[in-house]
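Engineer: Pasting in a structure now, in structure tokens, and then I'll have a few things to ask.
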Amino acid sequence: MGALGLGLLACLLGLGGIVFAVRRYRGRAAIASTYGQTGGIAYTVVQAGCSGVLILGGLALMVLGLVAHG
């Protein structure tokens with residue numbers, strides 16, 4: 001049962017990271033020239049990618065917990 005909880009937590013953290021990355025990107029649109037020159041879109045893509053890996057890891061942990069338990 002612990003693996004399911006940890007997997008769910010990882011998925012929620014990953015989803016929150018993606019939402020935060022998108023909100024940050026939209027918020028920086030007002031200063032687009034500075035944001036673009038400092039590589040801001042790269043940071044957004046990397047943050048969303050890492051959050052996606054966290055979601056996949058959480059899903060894998062939940063599946064592993066279900067297989068081991070059942």
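The way I read the labels, and the way they are meant: chains A, B, ... in the order of the structure tokens, residue 1 as the first residue of every chain, and ligand 1 as the first ligand shown, with later ones counted on from there.
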Can you pull out every residue within 12 Å of Arg28 of chain A, counting only C-alpha atoms, but drop anything in the same chain fewer than 5 positions away, and send it as a PyMOL selection string?
Structural biologist: chain A and resi 21-23+33-36+38-41+44
Engineer: Would you list the contacts of Leu61 of chain A as an MDAnalysis selection string, taking every protein, DNA or RNA residue within 7 Å and counting only C-alpha atoms, but skipping same-chain residues closer than 2 positions in sequence?
Structural biologist: chainID A and resid 3:4 7 57:59 63:65
Engineer: Could you give me, as a count of residues only, the residues within 12 Å of segment 50-54 of chain A, counting only C-alpha atoms and dropping anything in the same chain fewer than 5 positions from it?
Structural biologist: 23
Engineer: Tell me, in Å to one decimal, how far atom CA of Leu56 of chain A is from atom CA of Ala42 of chain A.
Structural biologist: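 Computing the Euclidean distance for atom CA of Leu56 of chain A and atom CA of Ala42 of chain A yields 21.0 Å.
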